[in-house]
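For reference, the structure discussed in these notes is given below.
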Amino acid sequence: SLIIENNRLVLRFSEQLDKNSAAITDNYALPGGPAIAAANFASPDSVYLQLTSNLQNNSSYTLTINNVTDVFGNAADIDTTFTYYDVSAVDSGDVAINEIMAAPPASNSEYVELYNHSDKSLNLQNWSISDSGQNRDPITNNQFVVPPDSFVVIAADKSLESSFPDITIVQMSSFPSLNNGGDAITIRDENGTLLDSLTYTSNWGEDEIALERCS
């Protein structure tokens, strides 16, 4: 497994490692990324890689591992790709309610789509959504990163994936029931700060058609 920090990688292997080969810096590389400054044997199955500079937000890297052996002399040649997100605090105006579905087809569920139009990676953990009923329901209790310039759909289930397999969905256990005749939706961060709101009416569109924000 791989634990990523901005200037350090923590590698955990499934086998106990040979201490000498695991501590050789040249056995590890991030082509096109920061150089490996040091490889530290931390425990029988763990290595800490110190980088010469910080990883960049919303960037993909491939870590290559060669000639690292386990205690029986078996060599591990591994390529693993990951994307690094440097999560930032959200400000009001960083995200917008972009689209809603209040009266979906029978095969799908209601949803609210958010757009992160900032240059930050944002974490939805402990954000909340509410409608005119004013109950602030948590979107997720777990880390859920939304990269810069990207969309995320909040819904009660993942039924939309059958029609749109490439969308990103965060499944919310207590998604508010959106009123077909009109409603007021608000999004707040983990501190209760208002990030965006949207009020729609029945004049916005017809049943089974998504309502997209125009301004």
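Every chain in the structure tokens takes a letter, A first, then B, and so on in the order presented; its residues are numbered from 1, and the ligands are numbered from 1 following the presented order.
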Considering only C-alpha atoms, give me a table of residues in range 139-209 of chain A that are at most 6 Å from range 89-105 of chain A, with the closest atom pair and distance in Å for each, as a Markdown table.
| residue | atom | partner | partner_atom | distance |
| --- | --- | --- | --- | --- |
| A:Leu178 | CA | A:Ala102 | CA | 5.3 |
| A:Asn180 | CA | A:Ala102 | CA | 5.5 |
| A:Leu195 | CA | A:Ser92 | CA | 4.4 |
| A:Asp196 | CA | A:Ala96 | CA | 5.8 |
| A:Asp207 | CA | A:Ala103 | CA | 5.1 |
| A:Glu208 | CA | A:Pro104 | CA | 4.4 |
At a cut-off of 8 Å, using only C-alpha atoms, what residues contact Gln56 in chain A? Leave out same-chain residues fewer than 5 positions from it and give the result as a PDB file with N, CA, C and O atoms, in the first residue's frame.
ATOM      1  N   ASN A   6       2.996  15.316   1.120  1.00  0.00           N
ATOM      2  CA  ASN A   6       3.439  16.216   0.051  1.00  0.00           C
ATOM      3  C   ASN A   6       4.910  16.040  -0.330  1.00  0.00           C
ATOM      4  O   ASN A   6       5.291  16.289  -1.470  1.00  0.00           O
ATOM      5  N   TYR A  84      -1.823  12.754  -6.746  1.00  0.00           N
ATOM      6  CA  TYR A  84      -1.666  13.474  -5.475  1.00  0.00           C
ATOM      7  C   TYR A  84      -2.595  14.682  -5.454  1.00  0.00           C
ATOM      8  O   TYR A  84      -2.644  15.468  -6.398  1.00  0.00           O
ATOM      9  N   TYR A  85      -3.336  14.823  -4.345  1.00  0.00           N
ATOM     10  CA  TYR A  85      -4.206  15.978  -4.133  1.00  0.00           C
ATOM     11  C   TYR A  85      -3.760  16.707  -2.880  1.00  0.00           C
ATOM     12  O   TYR A  85      -3.690  16.111  -1.795  1.00  0.00           O
ATOM     13  N   ASP A  86      -3.438  17.974  -3.029  1.00  0.00           N
ATOM     14  CA  ASP A  86      -3.085  18.817  -1.893  1.00  0.00           C
ATOM     15  C   ASP A  86      -4.361  19.548  -1.474  1.00  0.00           C
ATOM     16  O   ASP A  86      -4.722  20.577  -2.039  1.00  0.00           O
TER      17      ASP A  86
END
How many Å separate CA of Leu51 in chain A from CA of Asn7 in chain A?
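Going from CA of Leu51 in chain A over to CA of Asn7 in chain A, I get 5.1 Å.
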Residue among A:His117, A:Tyr28, A:Arg136, A:Ile185 lying closest to Asp77 in chain A, counting only C-alpha atoms
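Looking at the shortest contact to Asp77 in chain A, the residue is A:Tyr28.
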Who sits within 12 Å of Ala38 in chain A, only C-alpha atoms, same chain under 2 positions skipped, as a list in words
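Contacts, in chain order: Asn7, Arg8, Leu9, Val10, Ala22, Ala23, Ile24, Thr25, Asp26, Asn27, Tyr28, Ala29, Pro34, Ala35, Ile36, Asn40, Phe41, Ala42, Val47, Tyr48, Leu49, Gln50, Leu51 and Thr52 of chain A.
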